[in-house]
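**Student:** Structure supplied as data_38.txt; contents: compact mmCIF, N, CA and C atoms and all ligand atoms.
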```txt
# COMPACT_ATOMS: atom_id res chain seq x y z
N MET A 298 2.01 53.67 -43.48
CA MET A 298 2.06 54.61 -44.61
C MET A 298 1.91 56.03 -44.09
N THR A 299 2.84 56.88 -44.44
CA THR A 299 2.69 58.27 -44.03
C THR A 299 1.99 59.04 -45.14
N ARG A 300 1.19 59.95 -44.71
CA ARG A 300 0.39 60.64 -45.70
C ARG A 300 -0.13 61.95 -45.12
N ASP A 301 -0.15 62.98 -45.94
CA ASP A 301 -0.70 64.25 -45.48
C ASP A 301 -2.21 64.19 -45.69
N THR A 302 -2.91 63.86 -44.61
CA THR A 302 -4.35 63.60 -44.75
C THR A 302 -5.15 64.86 -45.06
N ASN A 303 -4.58 66.02 -44.80
CA ASN A 303 -5.35 67.24 -45.07
C ASN A 303 -5.39 67.60 -46.54
N SER A 304 -4.35 67.23 -47.26
CA SER A 304 -4.25 67.78 -48.61
C SER A 304 -4.79 66.88 -49.71
N ASP A 305 -4.58 65.57 -49.60
CA ASP A 305 -4.89 64.78 -50.79
C ASP A 305 -5.80 63.59 -50.55
N GLU A 306 -6.48 63.57 -49.43
CA GLU A 306 -7.34 62.43 -49.12
C GLU A 306 -8.37 62.17 -50.21
N ALA A 307 -8.96 63.23 -50.72
CA ALA A 307 -10.05 63.05 -51.66
C ALA A 307 -9.64 63.28 -53.11
N LEU A 308 -8.37 63.48 -53.34
CA LEU A 308 -7.94 63.83 -54.70
C LEU A 308 -8.18 62.67 -55.67
N LEU A 309 -8.86 63.00 -56.75
CA LEU A 309 -9.13 62.00 -57.77
C LEU A 309 -7.92 61.85 -58.68
N GLU A 310 -7.45 60.63 -58.80
CA GLU A 310 -6.32 60.33 -59.70
C GLU A 310 -6.87 59.48 -60.83
N TRP A 311 -6.22 59.54 -61.98
CA TRP A 311 -6.68 58.70 -63.08
C TRP A 311 -6.49 57.24 -62.72
N GLU A 312 -7.51 56.43 -62.96
CA GLU A 312 -7.41 55.00 -62.66
C GLU A 312 -8.27 54.25 -63.67
N ALA A 313 -8.01 52.97 -63.78
CA ALA A 313 -8.68 52.15 -64.81
C ALA A 313 -10.20 52.22 -64.70
N SER A 314 -10.72 52.33 -63.49
CA SER A 314 -12.18 52.33 -63.33
C SER A 314 -12.84 53.56 -63.95
N LEU A 315 -12.03 54.57 -64.30
CA LEU A 315 -12.59 55.78 -64.92
C LEU A 315 -12.67 55.68 -66.44
N GLU A 316 -12.07 54.66 -66.99
CA GLU A 316 -12.04 54.53 -68.44
C GLU A 316 -13.40 54.13 -68.98
N THR A 317 -13.86 54.86 -70.00
CA THR A 317 -15.12 54.48 -70.64
C THR A 317 -14.85 53.62 -71.87
N GLY A 318 -13.62 53.67 -72.36
CA GLY A 318 -13.29 52.93 -73.59
C GLY A 318 -13.54 53.75 -74.83
N MET A 319 -14.04 54.98 -74.69
CA MET A 319 -14.24 55.87 -75.83
C MET A 319 -13.06 56.86 -75.82
N ALA A 320 -12.22 56.76 -76.83
CA ALA A 320 -10.93 57.46 -76.81
C ALA A 320 -11.04 58.97 -76.57
N GLN A 321 -11.92 59.62 -77.32
CA GLN A 321 -12.02 61.08 -77.19
C GLN A 321 -12.52 61.50 -75.81
N ILE A 322 -13.52 60.79 -75.34
CA ILE A 322 -14.09 61.08 -74.02
C ILE A 322 -13.05 60.84 -72.92
N ASP A 323 -12.35 59.72 -73.02
CA ASP A 323 -11.33 59.40 -72.01
C ASP A 323 -10.22 60.45 -72.00
N GLU A 324 -9.86 60.91 -73.18
CA GLU A 324 -8.81 61.93 -73.29
C GLU A 324 -9.25 63.22 -72.58
N GLN A 325 -10.49 63.61 -72.80
CA GLN A 325 -11.00 64.82 -72.15
C GLN A 325 -11.09 64.63 -70.64
N HIS A 326 -11.54 63.47 -70.21
CA HIS A 326 -11.62 63.20 -68.77
C HIS A 326 -10.22 63.25 -68.13
N ARG A 327 -9.23 62.71 -68.84
CA ARG A 327 -7.86 62.75 -68.31
C ARG A 327 -7.39 64.19 -68.14
N THR A 328 -7.71 65.04 -69.11
CA THR A 328 -7.33 66.45 -69.03
C THR A 328 -7.98 67.12 -67.82
N LEU A 329 -9.24 66.82 -67.61
CA LEU A 329 -9.97 67.40 -66.48
C LEU A 329 -9.36 66.97 -65.14
N ILE A 330 -9.08 65.70 -65.06
CA ILE A 330 -8.56 65.17 -63.80
C ILE A 330 -7.15 65.70 -63.54
N ALA A 331 -6.38 65.88 -64.60
CA ALA A 331 -5.04 66.47 -64.45
C ALA A 331 -5.15 67.88 -63.88
N GLN A 332 -6.19 68.60 -64.29
CA GLN A 332 -6.37 69.98 -63.80
C GLN A 332 -6.74 70.00 -62.32
N ILE A 333 -7.49 69.01 -61.88
CA ILE A 333 -7.82 68.93 -60.44
C ILE A 333 -6.51 68.74 -59.66
N LYS A 334 -5.64 67.94 -60.21
CA LYS A 334 -4.37 67.66 -59.55
C LYS A 334 -3.51 68.93 -59.44
N VAL A 335 -3.58 69.76 -60.46
CA VAL A 335 -2.81 71.01 -60.44
C VAL A 335 -3.21 71.87 -59.24
N ILE A 336 -4.50 72.04 -59.03
CA ILE A 336 -4.89 72.92 -57.91
C ILE A 336 -4.77 72.23 -56.56
N ALA A 337 -4.73 70.90 -56.56
CA ALA A 337 -4.61 70.20 -55.28
C ALA A 337 -3.28 70.50 -54.59
N ASP A 338 -2.32 70.98 -55.36
CA ASP A 338 -1.03 71.39 -54.81
C ASP A 338 -1.24 72.71 -54.05
N ARG A 339 -0.98 72.68 -52.75
CA ARG A 339 -1.25 73.86 -51.90
C ARG A 339 -0.56 75.13 -52.40
N SER A 340 0.59 74.98 -53.02
CA SER A 340 1.31 76.16 -53.47
C SER A 340 0.58 76.87 -54.61
N ARG A 341 -0.45 76.22 -55.11
CA ARG A 341 -1.19 76.82 -56.22
C ARG A 341 -2.50 77.45 -55.76
N ALA A 342 -2.57 77.78 -54.48
CA ALA A 342 -3.81 78.32 -53.93
C ALA A 342 -4.30 79.54 -54.68
N ASN A 343 -3.37 80.24 -55.31
CA ASN A 343 -3.75 81.44 -56.06
C ASN A 343 -4.32 81.10 -57.43
N ARG A 344 -4.45 79.82 -57.73
CA ARG A 344 -4.96 79.44 -59.05
C ARG A 344 -6.39 78.93 -59.01
N VAL A 345 -7.08 79.16 -57.91
CA VAL A 345 -8.45 78.70 -57.80
C VAL A 345 -9.33 79.36 -58.87
N ALA A 346 -9.22 80.67 -59.02
CA ALA A 346 -10.06 81.38 -59.99
C ALA A 346 -9.81 80.88 -61.40
N GLU A 347 -8.53 80.68 -61.70
CA GLU A 347 -8.14 80.19 -63.02
C GLU A 347 -8.74 78.79 -63.27
N THR A 348 -8.68 77.96 -62.25
CA THR A 348 -9.22 76.61 -62.37
C THR A 348 -10.73 76.63 -62.54
N LEU A 349 -11.37 77.55 -61.84
CA LEU A 349 -12.82 77.65 -61.99
C LEU A 349 -13.18 78.02 -63.42
N ASP A 350 -12.40 78.90 -64.02
CA ASP A 350 -12.63 79.27 -65.43
C ASP A 350 -12.46 78.05 -66.33
N PHE A 351 -11.38 77.31 -66.09
CA PHE A 351 -11.13 76.09 -66.87
C PHE A 351 -12.28 75.11 -66.70
N MET A 352 -12.74 74.99 -65.46
CA MET A 352 -13.78 74.02 -65.16
C MET A 352 -15.13 74.42 -65.75
N GLN A 353 -15.21 75.64 -66.24
CA GLN A 353 -16.41 76.02 -66.98
C GLN A 353 -16.16 75.92 -68.48
N ASN A 354 -15.07 76.53 -68.95
CA ASN A 354 -14.85 76.62 -70.40
C ASN A 354 -14.50 75.27 -71.04
N TYR A 355 -13.55 74.59 -70.47
CA TYR A 355 -13.17 73.29 -71.05
C TYR A 355 -14.31 72.29 -70.91
N VAL A 356 -14.97 72.35 -69.77
CA VAL A 356 -16.06 71.40 -69.52
C VAL A 356 -17.23 71.65 -70.48
N ARG A 357 -17.44 72.89 -70.86
CA ARG A 357 -18.48 73.19 -71.85
C ARG A 357 -18.19 72.42 -73.15
N GLU A 358 -16.95 72.45 -73.56
CA GLU A 358 -16.55 71.71 -74.78
C GLU A 358 -16.73 70.20 -74.58
N HIS A 359 -16.32 69.75 -73.42
CA HIS A 359 -16.41 68.31 -73.14
C HIS A 359 -17.87 67.85 -73.15
N PHE A 360 -18.73 68.59 -72.48
CA PHE A 360 -20.14 68.22 -72.45
C PHE A 360 -20.74 68.26 -73.85
N ALA A 361 -20.32 69.25 -74.64
CA ALA A 361 -20.83 69.36 -76.01
C ALA A 361 -20.45 68.12 -76.83
N THR A 362 -19.25 67.61 -76.60
CA THR A 362 -18.81 66.38 -77.30
C THR A 362 -19.75 65.23 -76.94
N GLU A 363 -20.01 65.08 -75.65
CA GLU A 363 -20.88 63.97 -75.23
C GLU A 363 -22.30 64.16 -75.74
N GLU A 364 -22.80 65.38 -75.63
CA GLU A 364 -24.20 65.62 -76.00
C GLU A 364 -24.41 65.43 -77.51
N ARG A 365 -23.38 65.74 -78.29
CA ARG A 365 -23.46 65.51 -79.74
C ARG A 365 -23.58 64.00 -80.00
N LEU A 366 -22.80 63.22 -79.29
CA LEU A 366 -22.86 61.76 -79.44
C LEU A 366 -24.20 61.21 -78.97
N HIS A 367 -24.73 61.79 -77.90
CA HIS A 367 -26.05 61.35 -77.42
C HIS A 367 -27.08 61.56 -78.53
N HIS A 368 -27.00 62.74 -79.14
CA HIS A 368 -27.96 63.10 -80.18
C HIS A 368 -27.82 62.17 -81.39
N GLU A 369 -26.57 61.98 -81.81
CA GLU A 369 -26.30 61.15 -83.00
C GLU A 369 -26.76 59.71 -82.83
N THR A 370 -26.75 59.24 -81.59
CA THR A 370 -27.08 57.83 -81.35
C THR A 370 -28.48 57.66 -80.77
N ASP A 371 -29.22 58.76 -80.71
CA ASP A 371 -30.58 58.71 -80.21
C ASP A 371 -30.61 58.07 -78.81
N TYR A 372 -29.73 58.53 -77.97
CA TYR A 372 -29.55 57.95 -76.63
C TYR A 372 -30.77 58.19 -75.75
N PRO A 373 -31.40 57.13 -75.24
CA PRO A 373 -32.64 57.31 -74.46
C PRO A 373 -32.46 58.09 -73.16
N GLU A 374 -31.24 58.11 -72.59
CA GLU A 374 -31.02 58.84 -71.33
C GLU A 374 -30.47 60.25 -71.56
N ALA A 375 -30.53 60.70 -72.80
CA ALA A 375 -29.91 62.00 -73.15
C ALA A 375 -30.41 63.15 -72.27
N GLU A 376 -31.70 63.19 -72.06
CA GLU A 376 -32.28 64.32 -71.32
C GLU A 376 -31.82 64.35 -69.87
N ALA A 377 -31.85 63.20 -69.23
CA ALA A 377 -31.41 63.12 -67.82
C ALA A 377 -29.92 63.46 -67.71
N HIS A 378 -29.16 63.02 -68.71
CA HIS A 378 -27.71 63.29 -68.71
C HIS A 378 -27.47 64.79 -68.89
N LEU A 379 -28.24 65.39 -69.78
CA LEU A 379 -28.13 66.83 -70.02
C LEU A 379 -28.45 67.63 -68.75
N ASP A 380 -29.48 67.19 -68.04
CA ASP A 380 -29.85 67.88 -66.78
C ASP A 380 -28.68 67.88 -65.80
N VAL A 381 -27.99 66.76 -65.73
CA VAL A 381 -26.86 66.65 -64.79
C VAL A 381 -25.70 67.53 -65.26
N HIS A 382 -25.47 67.58 -66.57
CA HIS A 382 -24.44 68.48 -67.10
C HIS A 382 -24.78 69.93 -66.75
N ASN A 383 -26.03 70.30 -66.93
CA ASN A 383 -26.41 71.68 -66.63
C ASN A 383 -26.28 71.99 -65.14
N ALA A 384 -26.63 71.02 -64.31
CA ALA A 384 -26.54 71.22 -62.86
C ALA A 384 -25.08 71.42 -62.43
N TYR A 385 -24.17 70.83 -63.18
CA TYR A 385 -22.74 70.99 -62.86
C TYR A 385 -22.36 72.48 -62.85
N PHE A 386 -22.82 73.22 -63.85
CA PHE A 386 -22.45 74.64 -63.93
C PHE A 386 -23.02 75.42 -62.75
N GLN A 387 -24.18 75.02 -62.29
CA GLN A 387 -24.77 75.67 -61.11
C GLN A 387 -23.90 75.39 -59.89
N THR A 388 -23.41 74.17 -59.80
CA THR A 388 -22.54 73.80 -58.68
C THR A 388 -21.27 74.66 -58.69
N ILE A 389 -20.71 74.85 -59.88
CA ILE A 389 -19.50 75.66 -59.99
C ILE A 389 -19.80 77.13 -59.65
N LEU A 390 -20.95 77.61 -60.14
CA LEU A 390 -21.33 79.00 -59.83
C LEU A 390 -21.52 79.20 -58.33
N ASN A 391 -22.17 78.24 -57.69
CA ASN A 391 -22.37 78.33 -56.23
C ASN A 391 -21.03 78.38 -55.51
N PHE A 392 -20.11 77.54 -55.97
CA PHE A 392 -18.79 77.53 -55.33
C PHE A 392 -18.10 78.88 -55.54
N LYS A 393 -18.23 79.42 -56.75
CA LYS A 393 -17.61 80.72 -57.06
C LYS A 393 -18.08 81.81 -56.10
N LYS A 394 -19.38 81.80 -55.84
CA LYS A 394 -19.96 82.80 -54.93
C LYS A 394 -19.37 82.63 -53.54
N GLU A 395 -19.29 81.39 -53.11
CA GLU A 395 -18.74 81.09 -51.79
C GLU A 395 -17.27 81.52 -51.73
N TYR A 396 -16.57 81.25 -52.80
CA TYR A 396 -15.14 81.59 -52.88
C TYR A 396 -14.94 83.11 -52.81
N ASP A 397 -15.74 83.83 -53.57
CA ASP A 397 -15.63 85.29 -53.57
C ASP A 397 -15.95 85.86 -52.18
N ALA A 398 -16.96 85.27 -51.54
CA ALA A 398 -17.37 85.76 -50.23
C ALA A 398 -16.36 85.41 -49.13
N ALA A 399 -15.58 84.37 -49.37
CA ALA A 399 -14.66 83.88 -48.33
C ALA A 399 -13.50 84.85 -48.06
N GLY A 400 -13.11 85.61 -49.06
CA GLY A 400 -12.00 86.53 -48.87
C GLY A 400 -10.66 85.81 -48.95
N GLY A 401 -9.59 86.57 -49.14
CA GLY A 401 -8.26 86.01 -49.38
C GLY A 401 -7.75 85.05 -48.33
N GLU A 402 -8.03 85.32 -47.06
CA GLU A 402 -7.40 84.52 -46.00
C GLU A 402 -7.93 83.08 -45.97
N LYS A 403 -9.05 82.85 -46.61
CA LYS A 403 -9.61 81.49 -46.57
C LYS A 403 -9.37 80.73 -47.88
N HIS A 404 -8.52 81.26 -48.71
CA HIS A 404 -8.36 80.63 -50.03
C HIS A 404 -7.80 79.22 -49.97
N LEU A 405 -6.98 78.94 -48.97
CA LEU A 405 -6.43 77.59 -48.86
C LEU A 405 -7.54 76.59 -48.51
N LEU A 406 -8.40 77.00 -47.59
CA LEU A 406 -9.53 76.14 -47.23
C LEU A 406 -10.43 75.92 -48.45
N MET A 407 -10.66 76.98 -49.21
CA MET A 407 -11.51 76.87 -50.39
C MET A 407 -10.88 75.98 -51.45
N LEU A 408 -9.57 76.02 -51.51
CA LEU A 408 -8.83 75.17 -52.45
C LEU A 408 -9.09 73.70 -52.12
N LEU A 409 -9.04 73.37 -50.85
CA LEU A 409 -9.28 71.98 -50.44
C LEU A 409 -10.73 71.59 -50.71
N LYS A 410 -11.62 72.53 -50.46
CA LYS A 410 -13.04 72.27 -50.72
C LYS A 410 -13.28 72.01 -52.21
N LEU A 411 -12.64 72.82 -53.03
CA LEU A 411 -12.82 72.69 -54.48
C LEU A 411 -12.24 71.37 -54.99
N THR A 412 -11.08 71.02 -54.48
CA THR A 412 -10.45 69.74 -54.87
C THR A 412 -11.39 68.59 -54.55
N ASN A 413 -11.96 68.65 -53.36
CA ASN A 413 -12.88 67.61 -52.93
C ASN A 413 -14.16 67.57 -53.78
N LEU A 414 -14.72 68.75 -53.99
CA LEU A 414 -15.96 68.86 -54.76
C LEU A 414 -15.77 68.30 -56.18
N LEU A 415 -14.68 68.74 -56.84
CA LEU A 415 -14.44 68.30 -58.21
C LEU A 415 -14.12 66.80 -58.27
N SER A 416 -13.35 66.33 -57.31
CA SER A 416 -12.98 64.91 -57.30
C SER A 416 -14.23 64.04 -57.18
N VAL A 417 -15.09 64.41 -56.27
CA VAL A 417 -16.30 63.60 -56.05
C VAL A 417 -17.23 63.70 -57.27
N TRP A 418 -17.44 64.93 -57.74
CA TRP A 418 -18.38 65.12 -58.86
C TRP A 418 -17.96 64.30 -60.08
N TRP A 419 -16.68 64.43 -60.45
CA TRP A 419 -16.22 63.76 -61.67
C TRP A 419 -16.20 62.25 -61.51
N LYS A 420 -15.82 61.79 -60.35
CA LYS A 420 -15.80 60.33 -60.16
C LYS A 420 -17.21 59.76 -60.29
N VAL A 421 -18.15 60.38 -59.62
CA VAL A 421 -19.54 59.89 -59.66
C VAL A 421 -20.09 59.96 -61.08
N HIS A 422 -19.83 61.08 -61.76
CA HIS A 422 -20.42 61.24 -63.10
C HIS A 422 -19.78 60.30 -64.13
N ILE A 423 -18.47 60.20 -64.09
CA ILE A 423 -17.78 59.36 -65.08
C ILE A 423 -18.11 57.89 -64.88
N THR A 424 -18.08 57.44 -63.62
CA THR A 424 -18.32 56.01 -63.39
C THR A 424 -19.81 55.65 -63.43
N GLY A 425 -20.66 56.67 -63.44
CA GLY A 425 -22.10 56.43 -63.51
C GLY A 425 -22.64 56.71 -64.91
N MET A 426 -23.06 57.95 -65.13
CA MET A 426 -23.72 58.30 -66.39
C MET A 426 -22.84 58.15 -67.63
N ASP A 427 -21.58 58.57 -67.53
CA ASP A 427 -20.72 58.47 -68.73
C ASP A 427 -20.44 57.02 -69.09
N ARG A 428 -20.25 56.20 -68.08
CA ARG A 428 -20.03 54.77 -68.34
C ARG A 428 -21.27 54.14 -68.96
N ARG A 429 -22.43 54.52 -68.45
CA ARG A 429 -23.69 53.94 -69.01
C ARG A 429 -23.83 54.30 -70.48
N PHE A 430 -23.48 55.55 -70.83
CA PHE A 430 -23.56 55.94 -72.24
C PHE A 430 -22.56 55.14 -73.06
N ALA A 431 -21.35 54.97 -72.56
CA ALA A 431 -20.32 54.22 -73.30
C ALA A 431 -20.80 52.79 -73.56
N ASP A 432 -21.45 52.19 -72.57
CA ASP A 432 -21.97 50.82 -72.75
C ASP A 432 -23.04 50.80 -73.84
N TYR A 433 -23.90 51.81 -73.80
CA TYR A 433 -24.96 51.92 -74.82
C TYR A 433 -24.33 52.09 -76.20
N TYR A 434 -23.35 52.99 -76.28
CA TYR A 434 -22.70 53.30 -77.55
C TYR A 434 -22.09 52.04 -78.16
N ARG A 435 -21.42 51.28 -77.34
CA ARG A 435 -20.78 50.04 -77.82
C ARG A 435 -21.83 49.03 -78.28
N ALA A 436 -22.97 49.03 -77.58
CA ALA A 436 -24.02 48.08 -77.96
C ALA A 436 -24.64 48.47 -79.31
N VAL A 437 -24.75 49.80 -79.54
CA VAL A 437 -25.36 50.28 -80.78
C VAL A 437 -24.39 50.21 -81.95
N PHE A 438 -23.12 50.53 -81.67
CA PHE A 438 -22.08 50.54 -82.73
C PHE A 438 -20.95 49.59 -82.35
N PRO A 439 -21.21 48.30 -82.35
CA PRO A 439 -20.15 47.36 -81.90
C PRO A 439 -18.91 47.38 -82.77
N CYS A 440 -19.01 47.89 -83.99
CA CYS A 440 -17.85 47.84 -84.90
C CYS A 440 -16.97 49.08 -84.83
N ARG A 441 -17.45 50.14 -84.20
CA ARG A 441 -16.66 51.37 -84.18
C ARG A 441 -15.42 51.22 -83.32
N ALA A 442 -14.34 51.79 -83.79
CA ALA A 442 -13.07 51.67 -83.07
C ALA A 442 -13.11 52.43 -81.75
N GLU A 443 -13.84 53.55 -81.73
CA GLU A 443 -13.82 54.42 -80.55
C GLU A 443 -14.64 53.85 -79.41
FE FE A 501 -17.84 63.20 -69.25
FE FE A 502 -21.41 63.37 -69.03
```
Could you write out this file's structure as structure tokens?
**Tutor:**
Amino acid sequence: MTRDTNSDEALLEWEASLETGMAQIDEQHRTLIAQIKVIADRSRANRVAETLDFMQNYVREHFATEERLHHETDYPEAEAHLDVHNAYFQTILNFKKEYDAAGGEKHLLMLLKLTNLLSVWWKVHITGMDRRFADYYRAVFPCRAE
């Protein structure tokens, strides 16, 4: 198999293991993962700043959706989940600082770093905490379609 190992080794693609079974959440996760794929394209190196904005603004909405559901269902892990959501923004801010300090000539390297960082973060969070909440939700509301 031939493959460009520098560009897409860590790129997160949508796969069945990422599905939580909650339609709205899955839809938002798909949107997020599609955005990672956009910047993973080297020709889009100039879109790192734009992606960082998306990864803050859209993700704020996404987290709010989950946190509302946590609250509505009296989810026992809500606080720990919230801490991880909040830590995400710090991770993005730290990357932003590094990106700004790197200067234009290193933007391609930063693009690869960001692709990797986002791929790992989302995979771990979705298959861990988000999946655990989905399991809880289904146990509490077995009749709900979502
Ligand atoms: Fe999520
Ligand atoms: Fe979450």
**Student:** Just to confirm, what's the straight-line distance from atom CA of Ala431 of chain A to atom CA of Thr317 of chain A in Å (one decimal)?
**Tutor:**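 We find that atom CA of Ala431 of chain A and atom CA of Thr317 of chain A lie 5.8 Å from each other.
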**Student:** In Å to one decimal, how far is atom CA of Ala361 of chain A from atom CA of Asn383 of chain A?
**Tutor:**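 Between these atoms lies a distance of 11.2 Å.
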**Student:** Taking all atoms listed in the file and a cut-off of 7 Å, can you tell me which residues surround ligand FE 502 (chain A), written as a list in words?
**Tutor:** Phe360, Glu363, His378, His382, His422, Ile423, Met426 and Asp427 of chain A
**Student:** To one decimal place, how far is atom C of Phe438 of chain A from atom N of Glu369 of chain A in Å?
**Tutor:**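 Atom N of Glu369 of chain A lies 13.6 Å from atom C of Phe438 of chain A.
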**Student:** When you count all atoms listed in the file, which of these residues is closest to ligand FE 501 (chain A): A:Asp371, A:Asp380, A:Glu395, A:Asp323?
**Tutor:**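 For ligand FE 501 (chain A), the nearest of the given residues is A:Asp323.
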**Student:** Under the rule that only N, CA and C atoms and all ligand atoms are counted, which of A:His359, A:Ala320, A:Tyr385, A:Ala313 is the nearest residue to ligand FE 501 (chain A)?
**Tutor:**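 Closest candidate: A:His359.
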**Student:** Ranking A:Leu379, A:Ile322, A:Ala337, A:Leu308 by minimum distance to ligand FE 501 (chain A) and counting only N, CA and C atoms and all ligand atoms, which one comes first?
**Tutor:** A:Ile322
**Student:** Considering only N, CA and C atoms and all ligand atoms, can you say which of A:Leu414, A:Trp419, A:Gly400, A:Trp311 comes closest to ligand FE 501 (chain A)?
**Tutor:**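 Distance minimum relative to ligand FE 501 (chain A) lands on A:Trp419.
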**Student:** Measuring atom to atom with all atoms listed in the file, identify which of A:Arg428, A:Lys393, A:Arg441, A:Thr388 is nearest to ligand FE 501 (chain A).
**Tutor:**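 Among the listed residues, the smallest separation from ligand FE 501 (chain A) belongs to A:Arg428.
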**Student:** Find the residue from A:Glu374, A:Leu408, A:Gly318, A:Lys420 that sits nearest to Asp338 of chain A; use all atoms listed in the file when measuring.
**Tutor:**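 Closest to Asp338 of chain A, using all atoms listed in the file: A:Leu408.
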**Student:** Find the smallest box with edges along x, y and z containing every listed atom of segment 371-389 of chain A, then add 6 Å on each side and report centre and edge lengths in Å to one decimal, as AutoDock Vina command-line options.
**Tutor:**
```
--center_x -26.1 --center_y 67.1 --center_z -69.7 --size_x 25.1 --size_y 32.0 --size_z 34.0
```
**Student:** Only N, CA and C atoms needed: put segment 306-327 of chain A from the block into a file as an mmCIF file, in the first residue's frame.
**Tutor:**
```
data_model
loop_
_atom_site.group_PDB
_atom_site.id
_atom_site.type_symbol
_atom_site.label_atom_id
_atom_site.label_comp_id
_atom_site.auth_asym_id
_atom_site.auth_seq_id
_atom_site.Cartn_x
_atom_site.Cartn_y
_atom_site.Cartn_z
ATOM 1 N N GLU A 306 -1.307 10.223 8.382
ATOM 2 C CA GLU A 306 -1.185 9.077 9.275
ATOM 3 C C GLU A 306 -2.168 9.153 10.440
ATOM 4 N N ALA A 307 -2.317 10.330 11.003
ATOM 5 C CA ALA A 307 -3.134 10.435 12.207
ATOM 6 C C ALA A 307 -4.522 11.017 11.939
ATOM 7 N N LEU A 308 -4.844 11.223 10.694
ATOM 8 C CA LEU A 308 -6.113 11.891 10.391
ATOM 9 C C LEU A 308 -7.308 11.038 10.810
ATOM 10 N N LEU A 309 -8.176 11.664 11.581
ATOM 11 C CA LEU A 309 -9.376 10.972 12.038
ATOM 12 C C LEU A 309 -10.443 11.014 10.944
ATOM 13 N N GLU A 310 -10.920 9.851 10.570
ATOM 14 C CA GLU A 310 -11.999 9.750 9.576
ATOM 15 C C GLU A 310 -13.231 9.238 10.305
ATOM 16 N N TRP A 311 -14.398 9.576 9.784
ATOM 17 C CA TRP A 311 -15.614 9.066 10.412
ATOM 18 C C TRP A 311 -15.653 7.553 10.286
ATOM 19 N N GLU A 312 -15.960 6.878 11.378
ATOM 20 C CA GLU A 312 -16.043 5.416 11.352
ATOM 21 C C GLU A 312 -17.099 4.980 12.360
ATOM 22 N N ALA A 313 -17.559 3.761 12.206
ATOM 23 C CA ALA A 313 -18.670 3.269 13.035
ATOM 24 C C ALA A 313 -18.362 3.364 14.532
ATOM 25 N N SER A 314 -17.112 3.176 14.911
ATOM 26 C CA SER A 314 -16.776 3.191 16.339
ATOM 27 C C SER A 314 -16.979 4.570 16.977
ATOM 28 N N LEU A 315 -17.163 5.600 16.143
ATOM 29 C CA LEU A 315 -17.376 6.953 16.681
ATOM 30 C C LEU A 315 -18.854 7.249 16.930
ATOM 31 N N GLU A 316 -19.709 6.388 16.466
ATOM 32 C CA GLU A 316 -21.145 6.630 16.611
ATOM 33 C C GLU A 316 -21.597 6.437 18.046
ATOM 34 N N THR A 317 -22.328 7.423 18.560
ATOM 35 C CA THR A 317 -22.882 7.273 19.908
ATOM 36 C C THR A 317 -24.316 6.749 19.827
ATOM 37 N N GLY A 318 -24.929 6.876 18.668
ATOM 38 C CA GLY A 318 -26.329 6.471 18.519
ATOM 39 C C GLY A 318 -27.290 7.592 18.845
ATOM 40 N N MET A 319 -26.774 8.760 19.248
ATOM 41 C CA MET A 319 -27.621 9.927 19.504
ATOM 42 C C MET A 319 -27.506 10.834 18.268
ATOM 43 N N ALA A 320 -28.610 10.964 17.551
ATOM 44 C CA ALA A 320 -28.570 11.582 16.225
ATOM 45 C C ALA A 320 -27.944 12.985 16.202
ATOM 46 N N GLN A 321 -28.389 13.839 17.112
ATOM 47 C CA GLN A 321 -27.890 15.222 17.092
ATOM 48 C C GLN A 321 -26.396 15.284 17.411
ATOM 49 N N ILE A 322 -26.000 14.517 18.398
ATOM 50 C CA ILE A 322 -24.586 14.481 18.801
ATOM 51 C C ILE A 322 -23.725 13.922 17.659
ATOM 52 N N ASP A 323 -24.189 12.842 17.058
ATOM 53 C CA ASP A 323 -23.428 12.229 15.962
ATOM 54 C C ASP A 323 -23.293 13.195 14.785
ATOM 55 N N GLU A 324 -24.353 13.932 14.521
ATOM 56 C CA GLU A 324 -24.330 14.904 13.421
ATOM 57 C C GLU A 324 -23.265 15.981 13.691
ATOM 58 N N GLN A 325 -23.230 16.462 14.918
ATOM 59 C CA GLN A 325 -22.238 17.490 15.274
ATOM 60 C C GLN A 325 -20.818 16.914 15.209
ATOM 61 N N HIS A 326 -20.651 15.699 15.690
ATOM 62 C CA HIS A 326 -19.324 15.074 15.624
ATOM 63 C C HIS A 326 -18.873 14.901 14.166
ATOM 64 N N ARG A 327 -19.809 14.521 13.301
ATOM 65 C CA ARG A 327 -19.463 14.372 11.879
ATOM 66 C C ARG A 327 -18.986 15.701 11.295
#
```
